[in-house]
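One file, upload_24.pdb, is given below (PDB, C-alpha atoms, pLDDT in the B column).
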```pdb
ATOM      1  CA  MET A 158      -7.948   0.401 -16.187  1.00 79.00           C
ATOM      2  CA  ILE A 159      -5.522   3.311 -16.265  1.00 87.00           C
ATOM      3  CA  LEU A 160      -4.447   4.665 -12.885  1.00 92.00           C
ATOM      4  CA  GLN A 161      -3.757   8.372 -12.784  1.00 91.00           C
ATOM      5  CA  VAL A 162      -1.306   9.506 -10.130  1.00 95.00           C
ATOM      6  CA  ASP A 163      -0.087  13.075  -9.675  1.00 96.00           C
ATOM      7  CA  MET A 164       3.470  12.937  -8.338  1.00 96.00           C
ATOM      8  CA  SER A 165       3.359  16.639  -7.449  1.00 96.00           C
ATOM      9  CA  SER A 166       0.111  16.413  -5.475  1.00 96.00           C
ATOM     10  CA  GLU A 167      -0.045  17.018  -1.739  1.00 96.00           C
ATOM     11  CA  ILE A 168      -2.092  13.801  -1.476  1.00 96.00           C
ATOM     12  CA  PRO A 169       0.223  10.851  -0.725  1.00 98.00           C
ATOM     13  CA  ILE A 170       0.694   8.517  -3.672  1.00 98.00           C
ATOM     14  CA  TYR A 171      -0.594   5.475  -1.781  1.00 98.00           C
ATOM     15  CA  ILE A 172      -3.852   7.348  -1.060  1.00 97.00           C
ATOM     16  CA  GLN A 173      -4.131   8.354  -4.721  1.00 97.00           C
ATOM     17  CA  LEU A 174      -3.647   4.696  -5.713  1.00 98.00           C
ATOM     18  CA  ARG A 175      -6.271   3.583  -3.195  1.00 97.00           C
ATOM     19  CA  ASN A 176      -8.716   6.187  -4.487  1.00 96.00           C
ATOM     20  CA  GLU A 177      -8.148   5.297  -8.149  1.00 96.00           C
ATOM     21  CA  ILE A 178      -8.705   1.596  -7.469  1.00 97.00           C
ATOM     22  CA  VAL A 179     -11.876   2.257  -5.445  1.00 94.00           C
ATOM     23  CA  LYS A 180     -13.209   4.464  -8.263  1.00 93.00           C
ATOM     24  CA  GLY A 181     -12.331   1.746 -10.797  1.00 94.00           C
ATOM     25  CA  ILE A 182     -14.282  -0.820  -8.780  1.00 92.00           C
ATOM     26  CA  GLY A 183     -17.196   1.615  -8.391  1.00 89.00           C
ATOM     27  CA  ARG A 184     -17.314   2.321 -12.127  1.00 89.00           C
ATOM     28  CA  GLY A 185     -17.162  -1.368 -12.980  1.00 90.00           C
ATOM     29  CA  GLU A 186     -13.743  -1.071 -14.620  1.00 93.00           C
ATOM     30  CA  LEU A 187     -12.516  -3.644 -12.090  1.00 93.00           C
ATOM     31  CA  SER A 188     -14.849  -6.506 -11.273  1.00 92.00           C
ATOM     32  CA  ALA A 189     -15.078  -9.023  -8.456  1.00 93.00           C
ATOM     33  CA  GLY A 190     -12.462 -11.741  -8.815  1.00 93.00           C
ATOM     34  CA  GLU A 191     -10.254  -9.647 -11.077  1.00 95.00           C
ATOM     35  CA  ASN A 192      -6.555  -9.682 -10.275  1.00 96.00           C
ATOM     36  CA  LEU A 193      -4.743  -6.425  -9.660  1.00 97.00           C
ATOM     37  CA  PRO A 194      -1.167  -6.053 -10.879  1.00 96.00           C
ATOM     38  CA  THR A 195       1.491  -7.371  -8.532  1.00 95.00           C
ATOM     39  CA  VAL A 196       3.047  -4.856  -6.170  1.00 96.00           C
ATOM     40  CA  ARG A 197       6.292  -4.970  -8.121  1.00 96.00           C
ATOM     41  CA  GLN A 198       4.602  -4.634 -11.501  1.00 96.00           C
ATOM     42  CA  LEU A 199       2.441  -1.670 -10.489  1.00 97.00           C
ATOM     43  CA  ALA A 200       5.375   0.046  -8.750  1.00 97.00           C
ATOM     44  CA  SER A 201       7.482  -0.411 -11.875  1.00 97.00           C
ATOM     45  CA  ASP A 202       4.702   0.824 -14.192  1.00 96.00           C
ATOM     46  CA  LEU A 203       4.155   3.956 -12.076  1.00 96.00           C
ATOM     47  CA  GLY A 204       7.791   4.561 -11.199  1.00 96.00           C
ATOM     48  CA  VAL A 205       7.161   4.439  -7.449  1.00 97.00           C
ATOM     49  CA  ASN A 206       8.555   2.469  -4.538  1.00 97.00           C
ATOM     50  CA  THR A 207       7.101  -1.001  -3.954  1.00 97.00           C
ATOM     51  CA  MET A 208       6.317  -0.010  -0.358  1.00 98.00           C
ATOM     52  CA  THR A 209       3.999   2.713  -1.689  1.00 98.00           C
ATOM     53  CA  VAL A 210       1.945   0.190  -3.661  1.00 98.00           C
ATOM     54  CA  SER A 211       2.061  -2.289  -0.792  1.00 97.00           C
ATOM     55  CA  LYS A 212       0.672   0.355   1.581  1.00 98.00           C
ATOM     56  CA  ALA A 213      -2.176   1.123  -0.837  1.00 98.00           C
ATOM     57  CA  TYR A 214      -3.010  -2.589  -1.156  1.00 98.00           C
ATOM     58  CA  GLN A 215      -2.901  -3.035   2.634  1.00 97.00           C
ATOM     59  CA  LEU A 216      -5.327  -0.128   3.030  1.00 96.00           C
ATOM     60  CA  LEU A 217      -7.674  -1.542   0.372  1.00 96.00           C
ATOM     61  CA  LYS A 218      -7.549  -4.929   2.084  1.00 95.00           C
ATOM     62  CA  SER A 219      -8.315  -3.461   5.526  1.00 93.00           C
ATOM     63  CA  GLU A 220     -11.281  -1.594   4.030  1.00 90.00           C
ATOM     64  CA  GLY A 221     -12.618  -4.775   2.420  1.00 90.00           C
ATOM     65  CA  PHE A 222     -12.174  -3.823  -1.233  1.00 94.00           C
ATOM     66  CA  ILE A 223      -9.568  -6.465  -2.077  1.00 96.00           C
ATOM     67  CA  GLU A 224      -8.247  -9.699  -0.672  1.00 95.00           C
ATOM     68  CA  THR A 225      -4.741 -11.042  -0.974  1.00 92.00           C
ATOM     69  CA  ASP A 226      -3.613 -14.593  -1.550  1.00 87.00           C
ATOM     70  CA  ARG A 227      -0.042 -15.810  -1.864  1.00 86.00           C
ATOM     71  CA  ARG A 228      -0.941 -17.723  -5.024  1.00 88.00           C
ATOM     72  CA  LYS A 229      -3.333 -15.254  -6.701  1.00 87.00           C
ATOM     73  CA  GLY A 230      -1.998 -11.931  -5.414  1.00 92.00           C
ATOM     74  CA  ALA A 231      -4.415  -9.034  -4.898  1.00 96.00           C
ATOM     75  CA  VAL A 232      -7.966  -9.744  -6.074  1.00 96.00           C
ATOM     76  CA  VAL A 233     -11.040  -7.489  -6.119  1.00 96.00           C
ATOM     77  CA  LYS A 234     -13.617  -8.706  -3.595  1.00 93.00           C
ATOM     78  CA  PRO A 235     -17.316  -8.947  -4.388  1.00 88.00           C
ATOM     79  CA  CYS A 236     -19.305  -5.928  -3.211  1.00 76.00           C
ATOM     80  CA  MET A 237     -19.820  -6.657   0.465  1.00 64.00           C
ATOM     81  CA  PHE A 238     -22.865  -4.452   0.892  1.00 59.00           C
ATOM     82  CA  ALA A 239     -24.800  -5.028  -2.338  1.00 59.00           C
ATOM     83  CA  GLY A 240     -28.477  -5.089  -1.463  1.00 55.00           C
ATOM     84  CA  LYS A 241     -27.764  -4.390   2.203  1.00 60.00           C
ATOM     85  CA  SER A 242     -28.144  -1.236   4.246  1.00 63.00           C
ATOM     86  CA  THR A 243     -25.153   1.077   4.528  1.00 67.00           C
ATOM     87  CA  PRO A 244     -23.232   0.628   7.800  1.00 76.00           C
ATOM     88  CA  ASP A 245     -23.687   3.488  10.299  1.00 80.00           C
ATOM     89  CA  VAL A 246     -19.926   4.029  10.612  1.00 80.00           C
ATOM     90  CA  TYR A 247     -19.665   4.636   6.875  1.00 82.00           C
ATOM     91  CA  ARG A 248     -22.719   6.919   6.843  1.00 86.00           C
ATOM     92  CA  GLU A 249     -21.128   9.019   9.575  1.00 89.00           C
ATOM     93  CA  ARG A 250     -17.793   9.231   7.743  1.00 87.00           C
ATOM     94  CA  LEU A 251     -19.533  10.092   4.480  1.00 90.00           C
ATOM     95  CA  GLY A 252     -21.574  12.786   6.223  1.00 92.00           C
ATOM     96  CA  ASP A 253     -18.416  14.329   7.663  1.00 94.00           C
ATOM     97  CA  GLU A 254     -16.671  14.323   4.280  1.00 94.00           C
ATOM     98  CA  LEU A 255     -19.701  15.783   2.506  1.00 94.00           C
ATOM     99  CA  GLU A 256     -19.963  18.497   5.143  1.00 96.00           C
ATOM    100  CA  LEU A 257     -16.340  19.465   4.519  1.00 95.00           C
ATOM    101  CA  LEU A 258     -16.770  19.379   0.735  1.00 95.00           C
ATOM    102  CA  SER A 259     -19.947  21.454   1.026  1.00 96.00           C
ATOM    103  CA  ALA A 260     -18.183  24.051   3.146  1.00 97.00           C
ATOM    104  CA  GLU A 261     -15.278  24.281   0.699  1.00 96.00           C
ATOM    105  CA  ALA A 262     -17.631  24.542  -2.270  1.00 96.00           C
ATOM    106  CA  LYS A 263     -19.615  27.328  -0.602  1.00 96.00           C
ATOM    107  CA  LEU A 264     -16.450  29.211   0.391  1.00 97.00           C
ATOM    108  CA  ARG A 265     -15.250  29.019  -3.223  1.00 97.00           C
ATOM    109  CA  GLY A 266     -18.479  30.509  -4.531  1.00 97.00           C
ATOM    110  CA  MET A 267     -20.314  27.406  -5.695  1.00 97.00           C
ATOM    111  CA  ASN A 268     -24.085  27.422  -5.272  1.00 96.00           C
ATOM    112  CA  ARG A 269     -26.196  24.557  -3.961  1.00 96.00           C
ATOM    113  CA  GLU A 270     -27.508  23.521  -7.380  1.00 97.00           C
ATOM    114  CA  GLU A 271     -23.991  23.286  -8.836  1.00 97.00           C
ATOM    115  CA  PHE A 272     -22.807  21.216  -5.891  1.00 96.00           C
ATOM    116  CA  ILE A 273     -25.785  18.837  -6.046  1.00 96.00           C
ATOM    117  CA  SER A 274     -25.340  18.514  -9.807  1.00 97.00           C
ATOM    118  CA  LEU A 275     -21.688  17.525  -9.367  1.00 96.00           C
ATOM    119  CA  CYS A 276     -22.658  14.989  -6.679  1.00 95.00           C
ATOM    120  CA  GLU A 277     -25.346  13.510  -8.918  1.00 95.00           C
ATOM    121  CA  GLY A 278     -22.928  13.309 -11.847  1.00 94.00           C
ATOM    122  CA  ALA A 279     -20.256  11.587  -9.747  1.00 93.00           C
ATOM    123  CA  PHE A 280     -22.765   9.072  -8.373  1.00 92.00           C
ATOM    124  CA  ALA A 281     -24.240   8.429 -11.822  1.00 93.00           C
ATOM    125  CA  ALA A 282     -20.741   7.620 -13.125  1.00 90.00           C
ATOM    126  CA  MET A 283     -20.650   4.742 -10.632  1.00 87.00           C
ATOM    127  CA  GLU A 284     -23.898   3.164 -11.823  1.00 74.00           C
ATOM    128  CA  VAL A 285     -22.963   0.222 -13.940  1.00 62.00           C
TER     129      VAL A 285
END
```

Step by step, read the file and then write its structure as structure tokens.
Amino acid sequence: MILQVDMSSEIPIYIQLRNEIVKGIGRGELSAGENLPTVRQLASDLGVNTMTVSKAYQLLKSEGFIETDRRKGAVVKPCMFAGKSTPDVYRERLGDELELLSAEAKLRGMNREEFISLCEGAFAAMEV
């Protein structure tokens, strides 16, 4: 999997890393049990500080996407909610984020059909 990070973005690099890894897991580019690069290796490959990668990994771990082991390093966890209902806390957060994205799309002139089409396309890209 190739991680794309924009060094000139207003979004912090550790958040971009977190987002890229989550998308990779969602698309099936990273599977359960797969090892992620070491903090040092990924930092070196991207030309960023090791603390930046460490912060991204800590965030992914706290969210349940990866687990860390001193021997194995960072490993993708199995999907914790496969076949289960979506937790209410996540539904609420997703609703808030979609509301914001909807408002921005509308303010930038996008119509409902365009927005729904983009949402459907993004979700379809995650179906493995």

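When only C-alpha atoms are used to measure the gap to Leu203 in chain A, the shortest distance among A:Ile172, A:Met283, A:Leu258, A:Leu160 belongs to A:Leu160.
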
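Going from CA of Ser188 in chain A to CA of Gly252 in chain A covers 26.9 Å.
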
*8 Å contact set for Gly183 in chain A, all atoms listed in the file, chain neighbours under 3 positions out, as a PyMOL selection string*: chain A and resi 179-180+186-187+283-284

*range 262-266 of chain A environment, 12 Å, all atoms listed in the file, sequence neighbours closer than 6 positions dropped, as number ranges by chain*: A: 255-256, 272-273, 275-276

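CA of Gly204 in chain A sits 13.4 Å away from CA of Ser165 in chain A.
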
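You will find CA of Asp245 in chain A at 18.5 Å from CA of Leu257 in chain A.
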
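With only C-alpha atoms as the atoms that count, the minimum distance from Asn192 in chain A to the choices A:Met164, A:Ile178, A:Thr207, A:Lys212 is reached by A:Ile178.
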
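For the choices A:Arg269, A:Lys234, A:Arg250, A:Lys229, the atom-to-atom distance to Ala189 in chain A is smallest for A:Lys234 when using only C-alpha atoms.
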
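With all atoms listed in the file as the basis for measurement, A:Leu193 is the residue among A:Leu193, A:Ile182, A:Ala281, A:Met267 that approaches Ser211 in chain A most closely.
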
Please output range 215-226 of chain A, rebuilt to include all heavy atoms, as a short mmCIF file (atom, residue, chain, number, x, y, z; two decimals), in the frame of the given file.
```cif
data_model
loop_
_atom_site.label_atom_id
_atom_site.label_comp_id
_atom_site.auth_asym_id
_atom_site.auth_seq_id
_atom_site.Cartn_x
_atom_site.Cartn_y
_atom_site.Cartn_z
N GLN A 215 -2.57 -2.72 1.24
CA GLN A 215 -2.90 -3.04 2.63
C GLN A 215 -4.13 -2.23 3.08
O GLN A 215 -5.01 -2.76 3.77
CB GLN A 215 -1.72 -2.75 3.55
CG GLN A 215 -0.59 -3.73 3.41
CD GLN A 215 0.67 -3.30 4.16
OE1 GLN A 215 0.70 -2.27 4.83
NE2 GLN A 215 1.72 -4.09 4.03
N LEU A 216 -4.19 -0.98 2.69
CA LEU A 216 -5.33 -0.13 3.03
C LEU A 216 -6.60 -0.65 2.37
O LEU A 216 -7.65 -0.77 3.02
CB LEU A 216 -5.05 1.32 2.61
CG LEU A 216 -6.09 2.37 2.96
CD1 LEU A 216 -6.37 2.40 4.45
CD2 LEU A 216 -5.60 3.74 2.49
N LEU A 217 -6.52 -1.00 1.09
CA LEU A 217 -7.67 -1.54 0.37
C LEU A 217 -8.14 -2.86 1.00
O LEU A 217 -9.34 -3.11 1.10
CB LEU A 217 -7.32 -1.76 -1.10
CG LEU A 217 -7.17 -0.50 -1.94
CD1 LEU A 217 -6.39 -0.79 -3.21
CD2 LEU A 217 -8.53 0.08 -2.27
N LYS A 218 -7.20 -3.66 1.43
CA LYS A 218 -7.55 -4.93 2.08
C LYS A 218 -8.25 -4.67 3.41
O LYS A 218 -9.28 -5.28 3.71
CB LYS A 218 -6.30 -5.77 2.30
CG LYS A 218 -6.59 -7.11 2.93
CD LYS A 218 -5.32 -7.92 3.12
CE LYS A 218 -5.65 -9.24 3.81
NZ LYS A 218 -4.45 -10.04 4.04
N SER A 219 -7.72 -3.74 4.21
CA SER A 219 -8.32 -3.46 5.53
C SER A 219 -9.71 -2.86 5.39
O SER A 219 -10.55 -3.02 6.27
CB SER A 219 -7.41 -2.54 6.35
OG SER A 219 -7.42 -1.23 5.85
N GLU A 220 -9.97 -2.19 4.27
CA GLU A 220 -11.28 -1.59 4.03
C GLU A 220 -12.26 -2.58 3.36
O GLU A 220 -13.42 -2.25 3.16
CB GLU A 220 -11.14 -0.34 3.16
CG GLU A 220 -10.39 0.78 3.86
CD GLU A 220 -10.13 1.98 2.97
OE1 GLU A 220 -10.05 1.82 1.73
OE2 GLU A 220 -10.01 3.08 3.52
N GLY A 221 -11.76 -3.75 2.99
CA GLY A 221 -12.62 -4.78 2.42
C GLY A 221 -12.82 -4.71 0.93
O GLY A 221 -13.70 -5.38 0.39
N PHE A 222 -12.01 -3.93 0.22
CA PHE A 222 -12.17 -3.82 -1.23
C PHE A 222 -11.43 -4.92 -1.99
O PHE A 222 -11.83 -5.28 -3.10
CB PHE A 222 -11.72 -2.46 -1.74
CG PHE A 222 -12.59 -1.33 -1.27
CD1 PHE A 222 -12.13 -0.42 -0.34
CD2 PHE A 222 -13.88 -1.19 -1.74
CE1 PHE A 222 -12.93 0.61 0.11
CE2 PHE A 222 -14.70 -0.16 -1.31
CZ PHE A 222 -14.22 0.74 -0.37
N ILE A 223 -10.35 -5.40 -1.43
CA ILE A 223 -9.57 -6.46 -2.08
C ILE A 223 -9.23 -7.52 -1.04
O ILE A 223 -9.34 -7.30 0.17
CB ILE A 223 -8.27 -5.95 -2.75
CG1 ILE A 223 -7.26 -5.44 -1.71
CG2 ILE A 223 -8.57 -4.89 -3.80
CD1 ILE A 223 -5.88 -5.15 -2.27
N GLU A 224 -8.81 -8.67 -1.54
CA GLU A 224 -8.25 -9.70 -0.67
C GLU A 224 -6.93 -10.13 -1.29
O GLU A 224 -6.72 -9.97 -2.50
CB GLU A 224 -9.22 -10.87 -0.50
CG GLU A 224 -9.68 -11.50 -1.79
CD GLU A 224 -10.85 -12.46 -1.60
OE1 GLU A 224 -11.34 -12.59 -0.46
OE2 GLU A 224 -11.26 -13.06 -2.58
N THR A 225 -6.04 -10.62 -0.46
CA THR A 225 -4.74 -11.04 -0.97
C THR A 225 -4.56 -12.53 -0.70
O THR A 225 -5.03 -13.06 0.30
CB THR A 225 -3.59 -10.25 -0.34
OG1 THR A 225 -3.66 -10.35 1.08
CG2 THR A 225 -3.64 -8.78 -0.76
N ASP A 226 -3.88 -13.17 -1.62
CA ASP A 226 -3.61 -14.59 -1.55
C ASP A 226 -2.21 -14.79 -2.10
O ASP A 226 -1.87 -14.21 -3.12
CB ASP A 226 -4.66 -15.32 -2.40
CG ASP A 226 -4.49 -16.82 -2.41
OD1 ASP A 226 -3.43 -17.29 -2.87
OD2 ASP A 226 -5.42 -17.52 -1.97
#
```
